[in-house]
Amino acid sequence: MKLALLVDGQLAVTFGEEEQLLPVAAALAAAGDMAPAPTTPLDAACEAEMLSKRLDRATAILLETGKLEDLLLPPFAPRLAPIPRPNRILAIGRNYAEHAKELGNAVPDEPVVFLKASQSVIGPDQEVFLPDWVGRVDYEGELLVVLGSGGKNISEDDAMSCVVGYTCFNDITARERSKILQGKGHPWFLAKNLDTFGPLGPHLVTVDALPDPTNIGVSLRVNGEMRQEGRTNQMIHSIPKLIAYLSRWFALEKGDVIATGTPPGVGPLVVGDLVEVEVEGVGILRSAVSAES
Ligand code: MG
């Protein structure tokens, strides 16, 4: 399933090749399925198997009775981020060797981890705002891993059982400010956490729809021009390794998300740009860049 959150707060699922959006509660009710249903993409992903069966049944009934068409919304109906306020955004820096090198950094032998504030998140097709004092700001297209459960000291073998889905993330970074902060020996927290610097979406894709995330394309375009092209098999630390590593330090929790790092090709964004992160099998996350007023 590809799960979305409509701006009015309704959980929706994509339907058909065109990926029209079907509001879940309305579809189940119209088909006579009155059992309680999840209301958020995260909860829906945690019980994906059951919900998927109920929706298959409901859409079959709605198709037969001719009611489905009335419920379907266009693919680009206004949406929020599928996880508008993740429990934590655990971001991994320099997880692709070529990207570490392009910024003049050594290839790390253990994961570089920082926290990105959940308040930086915006949804698909929402604007990224640049303050006029900020200097160079870079895009970073990334695969985002969504955890449906957690725990402490999770083994690499058990790690993938915590994952309930994936989406696209743009780890927007005030690069110039980050370098100044790091030059003073300060954390780079501020440079990663300006309002709107965390576009996330467009859908939460459940694990059954993306069974093998280990070799998929992660790319990014600015104004239609390809800027980043990588594959997840180029990650230095794999998804199970990251989960095992993080859970040695602290207990992971449902709703934590892991931004798995960006492939090479990072570069600046300026006002007027349209930036698109694409993760193969997941979708395209579009954001327009505007000046902060
Ligand atoms: Mg990043």
# chains A, B, ... in the order shown; residues from 1 in each chain; ligands from 1
>>> residues_around(residues="range 210-224 of chain A", least_positions_apart="2", cutoff="7 Å", atoms="only C-alpha atoms", output="short mmCIF file (atom, residue, chain, number, x, y, z; two decimals) with C-alpha atoms, in the first residue's frame")
data_model
loop_
_atom_site.label_atom_id
_atom_site.label_comp_id
_atom_site.auth_asym_id
_atom_site.auth_seq_id
_atom_site.Cartn_x
_atom_site.Cartn_y
_atom_site.Cartn_z
CA GLY A 141 17.72 13.56 -1.34
CA GLU A 142 17.37 10.53 0.94
CA LEU A 143 15.47 7.30 1.54
CA THR A 206 4.50 -0.27 3.21
CA VAL A 207 7.12 -3.02 3.26
CA ASP A 208 4.97 -5.45 1.25
CA MET A 226 19.34 15.46 -12.66
CA ARG A 227 21.69 16.41 -9.79
CA GLN A 228 21.93 13.30 -7.62
CA GLU A 229 21.80 9.68 -8.74
CA GLY A 230 22.68 6.93 -6.32
CA ARG A 231 21.57 3.49 -5.27
CA THR A 232 20.95 2.24 -1.76
CA ASN A 233 23.52 -0.55 -2.27
CA ASP A 273 13.77 26.33 -7.81
CA LEU A 274 11.58 23.23 -7.96
CA VAL A 275 13.33 20.32 -6.27
CA GLU A 276 12.23 16.68 -6.66
CA VAL A 277 13.48 13.72 -4.63
CA GLU A 278 12.69 10.37 -6.23
CA VAL A 279 13.10 7.02 -4.53
CA GLU A 280 12.50 4.11 -6.89
CA GLY A 281 9.28 2.29 -6.03
#
>>> select_by_dssp(residues="range 133-242 of chain A", states="strand (DSSP E or B)", output="PyMOL selection string")
chain A and resi 137-138+141-147+151+163-170+173+198-206+217-222+225-231+235
>>> write_last_selection(atoms="C-alpha atoms", output="PDB file, in the first residue's frame")
ATOM      1  CA  VAL A 137      21.458  26.089   1.230  1.00  0.00           C
ATOM      2  CA  ASP A 138      21.791  22.545  -0.183  1.00  0.00           C
ATOM      3  CA  GLY A 141      17.718  13.564  -1.342  1.00  0.00           C
ATOM      4  CA  GLU A 142      17.374  10.529   0.942  1.00  0.00           C
ATOM      5  CA  LEU A 143      15.472   7.304   1.540  1.00  0.00           C
ATOM      6  CA  LEU A 144      13.571   7.561   4.823  1.00  0.00           C
ATOM      7  CA  VAL A 145      12.971   4.360   6.799  1.00  0.00           C
ATOM      8  CA  VAL A 146       9.905   4.282   9.071  1.00  0.00           C
ATOM      9  CA  LEU A 147       9.893   2.169  12.246  1.00  0.00           C
ATOM     10  CA  GLY A 151      13.532  -1.733  21.328  1.00  0.00           C
ATOM     11  CA  VAL A 163      10.520  -1.427   9.622  1.00  0.00           C
ATOM     12  CA  VAL A 164       6.953  -0.827   8.417  1.00  0.00           C
ATOM     13  CA  GLY A 165       7.598   1.449   5.458  1.00  0.00           C
ATOM     14  CA  TYR A 166       9.585   3.938   3.459  1.00  0.00           C
ATOM     15  CA  THR A 167       9.251   7.394   2.026  1.00  0.00           C
ATOM     16  CA  CYS A 168      11.357  10.170   0.469  1.00  0.00           C
ATOM     17  CA  PHE A 169      13.080  12.872   2.479  1.00  0.00           C
ATOM     18  CA  ASN A 170      14.938  16.043   1.600  1.00  0.00           C
ATOM     19  CA  THR A 173      20.919  21.978   4.954  1.00  0.00           C
ATOM     20  CA  GLY A 198      12.462  18.703   6.089  1.00  0.00           C
ATOM     21  CA  PRO A 199      10.186  17.873   3.113  1.00  0.00           C
ATOM     22  CA  LEU A 200       8.832  14.324   3.664  1.00  0.00           C
ATOM     23  CA  GLY A 201       6.549  12.198   1.466  1.00  0.00           C
ATOM     24  CA  PRO A 202       4.570  11.930  -0.702  1.00  0.00           C
ATOM     25  CA  HIS A 203       3.419   8.494   0.524  1.00  0.00           C
ATOM     26  CA  LEU A 204       4.350   6.039   3.228  1.00  0.00           C
ATOM     27  CA  VAL A 205       5.011   2.890   1.173  1.00  0.00           C
ATOM     28  CA  THR A 206       4.505  -0.274   3.205  1.00  0.00           C
ATOM     29  CA  GLY A 217      17.594   4.295  -6.929  1.00  0.00           C
ATOM     30  CA  VAL A 218      17.707   7.535  -4.915  1.00  0.00           C
ATOM     31  CA  SER A 219      17.811  10.558  -7.185  1.00  0.00           C
ATOM     32  CA  LEU A 220      17.162  14.272  -7.110  1.00  0.00           C
ATOM     33  CA  ARG A 221      16.338  16.827  -9.787  1.00  0.00           C
ATOM     34  CA  VAL A 222      16.347  20.605  -9.669  1.00  0.00           C
ATOM     35  CA  GLU A 225      17.818  18.559 -14.272  1.00  0.00           C
ATOM     36  CA  MET A 226      19.338  15.459 -12.665  1.00  0.00           C
ATOM     37  CA  ARG A 227      21.686  16.412  -9.787  1.00  0.00           C
ATOM     38  CA  GLN A 228      21.929  13.301  -7.620  1.00  0.00           C
ATOM     39  CA  GLU A 229      21.800   9.681  -8.736  1.00  0.00           C
ATOM     40  CA  GLY A 230      22.675   6.935  -6.321  1.00  0.00           C
ATOM     41  CA  ARG A 231      21.573   3.486  -5.269  1.00  0.00           C
ATOM     42  CA  MET A 235      25.295   2.981   1.544  1.00  0.00           C
TER      43      MET A 235
END
>>> closest_residue(among="A:Ala12, A:Met34, A:Leu51, A:Val121", to="Leu71 in chain A", atoms="only C-alpha atoms")
A:Ala12
>>> closest_atom_pairs(of="chain A", to="ligand 1", cutoff="6 Å", atoms="only C-alpha atoms and all ligand atoms", output="Markdown table")
| residue | atom | partner | partner_atom_place_in_ligand_line | distance |
| --- | --- | --- | --- | --- |
| A:Gly93 | CA | ligand 1 | 1 (Mg) | 5.3 |
| A:Glu140 | CA | ligand 1 | 1 (Mg) | 5.5 |
| A:Asp171 | CA | ligand 1 | 1 (Mg) | 4.9 |
| A:Gly261 | CA | ligand 1 | 1 (Mg) | 4.7 |
| A:Thr262 | CA | ligand 1 | 1 (Mg) | 5.3 |
>>> residues_around(residues="Ser149 in chain A", least_positions_apart="5", cutoff="12 Å", atoms="only C-alpha atoms", output="list in words")
Leu42, Asp43, Ala45, Cys46, Glu47, Asn87, Ile154, Asp158, Ala159, Met160, Ser161, Cys162, Val163, Val164, Gly165, Ile243, Ser247, Ala251, Leu252, Glu253, Lys254, Gly255, Asp256 and Val257 of chain A
>>> write_last_selection(atoms="N, CA and C atoms", output="PDB file, in the first residue's frame")
ATOM      1  N   LEU A  42       1.010   5.904   9.734  1.00  0.00           N
ATOM      2  CA  LEU A  42       1.888   5.080  10.571  1.00  0.00           C
ATOM      3  C   LEU A  42       1.129   3.888  11.155  1.00  0.00           C
ATOM      4  N   ASP A  43      -0.051   4.152  11.753  1.00  0.00           N
ATOM      5  CA  ASP A  43      -0.846   3.052  12.309  1.00  0.00           C
ATOM      6  C   ASP A  43      -1.296   2.097  11.208  1.00  0.00           C
ATOM      7  N   ALA A  45       0.286   1.446   8.451  1.00  0.00           N
ATOM      8  CA  ALA A  45       1.439   0.642   8.038  1.00  0.00           C
ATOM      9  C   ALA A  45       1.726  -0.461   9.047  1.00  0.00           C
ATOM     10  N   CYS A  46       1.440  -0.188  10.335  1.00  0.00           N
ATOM     11  CA  CYS A  46       1.680  -1.188  11.384  1.00  0.00           C
ATOM     12  C   CYS A  46       0.711  -2.354  11.280  1.00  0.00           C
ATOM     13  N   GLU A  47      -0.453  -2.129  10.689  1.00  0.00           N
ATOM     14  CA  GLU A  47      -1.384  -3.259  10.479  1.00  0.00           C
ATOM     15  C   GLU A  47      -1.728  -3.373   9.003  1.00  0.00           C
ATOM     16  N   ASN A  87       8.228  10.746  15.487  1.00  0.00           N
ATOM     17  CA  ASN A  87       8.656  10.663  16.887  1.00  0.00           C
ATOM     18  C   ASN A  87      10.061  11.253  17.041  1.00  0.00           C
ATOM     19  N   ILE A 154      18.796  -4.244  19.321  1.00  0.00           N
ATOM     20  CA  ILE A 154      18.181  -5.044  18.252  1.00  0.00           C
ATOM     21  C   ILE A 154      19.316  -5.615  17.392  1.00  0.00           C
ATOM     22  N   ASP A 158      17.294  -9.150  13.319  1.00  0.00           N
ATOM     23  CA  ASP A 158      15.909  -8.808  13.681  1.00  0.00           C
ATOM     24  C   ASP A 158      15.507  -7.411  13.216  1.00  0.00           C
ATOM     25  N   ALA A 159      16.481  -6.638  12.736  1.00  0.00           N
ATOM     26  CA  ALA A 159      16.252  -5.203  12.520  1.00  0.00           C
ATOM     27  C   ALA A 159      15.107  -4.913  11.553  1.00  0.00           C
ATOM     28  N   MET A 160      15.037  -5.665  10.462  1.00  0.00           N
ATOM     29  CA  MET A 160      14.043  -5.319   9.438  1.00  0.00           C
ATOM     30  C   MET A 160      12.609  -5.578   9.907  1.00  0.00           C
ATOM     31  N   SER A 161      12.445  -6.371  10.974  1.00  0.00           N
ATOM     32  CA  SER A 161      11.083  -6.600  11.480  1.00  0.00           C
ATOM     33  C   SER A 161      10.526  -5.340  12.153  1.00  0.00           C
ATOM     34  N   CYS A 162      11.388  -4.372  12.458  1.00  0.00           N
ATOM     35  CA  CYS A 162      10.919  -3.094  13.035  1.00  0.00           C
ATOM     36  C   CYS A 162      10.426  -2.130  11.958  1.00  0.00           C
ATOM     37  N   VAL A 163      10.811  -2.377  10.706  1.00  0.00           N
ATOM     38  CA  VAL A 163      10.520  -1.427   9.622  1.00  0.00           C
ATOM     39  C   VAL A 163       9.126  -1.698   9.063  1.00  0.00           C
ATOM     40  N   VAL A 164       8.296  -0.652   8.999  1.00  0.00           N
ATOM     41  CA  VAL A 164       6.953  -0.827   8.417  1.00  0.00           C
ATOM     42  C   VAL A 164       6.784  -0.083   7.099  1.00  0.00           C
ATOM     43  N   GLY A 165       7.766   0.751   6.729  1.00  0.00           N
ATOM     44  CA  GLY A 165       7.598   1.449   5.458  1.00  0.00           C
ATOM     45  C   GLY A 165       8.731   2.401   5.149  1.00  0.00           C
ATOM     46  N   ILE A 243      19.991   0.311  12.267  1.00  0.00           N
ATOM     47  CA  ILE A 243      19.026   0.023  13.341  1.00  0.00           C
ATOM     48  C   ILE A 243      19.742  -0.636  14.524  1.00  0.00           C
ATOM     49  N   SER A 247      20.215   1.261  18.204  1.00  0.00           N
ATOM     50  CA  SER A 247      19.531   0.649  19.352  1.00  0.00           C
ATOM     51  C   SER A 247      20.503   0.194  20.437  1.00  0.00           C
ATOM     52  N   ALA A 251      16.885   3.134  23.183  1.00  0.00           N
ATOM     53  CA  ALA A 251      15.762   2.314  22.703  1.00  0.00           C
ATOM     54  C   ALA A 251      15.078   3.032  21.544  1.00  0.00           C
ATOM     55  N   LEU A 252      14.937   2.333  20.458  1.00  0.00           N
ATOM     56  CA  LEU A 252      14.176   2.872  19.330  1.00  0.00           C
ATOM     57  C   LEU A 252      12.689   2.726  19.627  1.00  0.00           C
ATOM     58  N   GLU A 253      11.894   3.584  19.010  1.00  0.00           N
ATOM     59  CA  GLU A 253      10.454   3.611  19.299  1.00  0.00           C
ATOM     60  C   GLU A 253       9.646   3.645  18.018  1.00  0.00           C
ATOM     61  N   LYS A 254       8.392   3.207  18.129  1.00  0.00           N
ATOM     62  CA  LYS A 254       7.441   3.339  17.029  1.00  0.00           C
ATOM     63  C   LYS A 254       7.365   4.811  16.605  1.00  0.00           C
ATOM     64  N   GLY A 255       7.436   5.051  15.337  1.00  0.00           N
ATOM     65  CA  GLY A 255       7.341   6.428  14.842  1.00  0.00           C
ATOM     66  C   GLY A 255       8.682   7.100  14.652  1.00  0.00           C
ATOM     67  N   ASP A 256       9.753   6.460  15.122  1.00  0.00           N
ATOM     68  CA  ASP A 256      11.091   6.962  14.779  1.00  0.00           C
ATOM     69  C   ASP A 256      11.306   6.743  13.284  1.00  0.00           C
ATOM     70  N   VAL A 257      11.991   7.668  12.660  1.00  0.00           N
ATOM     71  CA  VAL A 257      12.325   7.492  11.241  1.00  0.00           C
ATOM     72  C   VAL A 257      13.834   7.692  11.085  1.00  0.00           C
TER      73      VAL A 257
END
>>> closest_residue(among="A:Asn153, A:Ser238, A:Gln182, A:Thr40", to="Pro86 in chain A", atoms="only C-alpha atoms")
A:Thr40
>>> atom_distance(atom1="CA of Lys192 in chain A", atom2="CA of Lys101 in chain A")
19.8 Å
>>> atom_distance(atom1="CA of Gly272 in chain A", atom2="CA of Val289 in chain A")
5.4 Å
>>> closest_residue(among="A:Ala106, A:Leu73, A:Leu68, A:Ala26", to="Thr39 in chain A", atoms="only C-alpha atoms")
A:Ala26
>>> decode(residues="range 44-74 of chain A", atoms="C-alpha atoms", output="short mmCIF file (atom, residue, chain, number, x, y, z; two decimals), in the first residue's frame")
data_model
loop_
_atom_site.label_atom_id
_atom_site.label_comp_id
_atom_site.auth_asym_id
_atom_site.auth_seq_id
_atom_site.Cartn_x
_atom_site.Cartn_y
_atom_site.Cartn_z
CA ALA A 44 -2.08 1.80 8.93
CA ALA A 45 1.44 0.64 8.04
CA CYS A 46 1.68 -1.19 11.38
CA GLU A 47 -1.38 -3.26 10.48
CA ALA A 48 -0.87 -3.23 6.73
CA GLU A 49 -1.75 -6.86 6.08
CA MET A 50 -5.16 -6.69 7.76
CA LEU A 51 -6.03 -3.26 6.33
CA SER A 52 -4.98 -4.27 2.84
CA LYS A 53 -7.39 -7.25 2.94
CA ARG A 54 -10.25 -5.06 4.19
CA LEU A 55 -9.58 -2.50 1.45
CA ASP A 56 -9.44 -5.18 -1.24
CA ARG A 57 -12.84 -6.39 -0.08
CA ALA A 58 -14.24 -2.86 0.13
CA THR A 59 -12.99 -1.74 -3.30
CA ALA A 60 -14.40 -4.91 -4.90
CA ILE A 61 -17.82 -4.09 -3.43
CA LEU A 62 -17.56 -0.43 -4.41
CA LEU A 63 -16.54 -1.30 -7.97
CA GLU A 64 -19.48 -3.66 -8.27
CA THR A 65 -21.95 -1.12 -6.94
CA GLY A 66 -20.43 1.71 -9.02
CA LYS A 67 -19.67 3.79 -5.91
CA LEU A 68 -15.89 3.79 -6.16
CA GLU A 69 -15.57 6.57 -8.74
CA ASP A 70 -17.38 9.05 -6.44
CA LEU A 71 -14.90 8.47 -3.64
CA LEU A 72 -11.66 8.74 -5.62
CA LEU A 73 -9.65 11.97 -5.43
CA PRO A 74 -7.02 13.13 -7.93
#
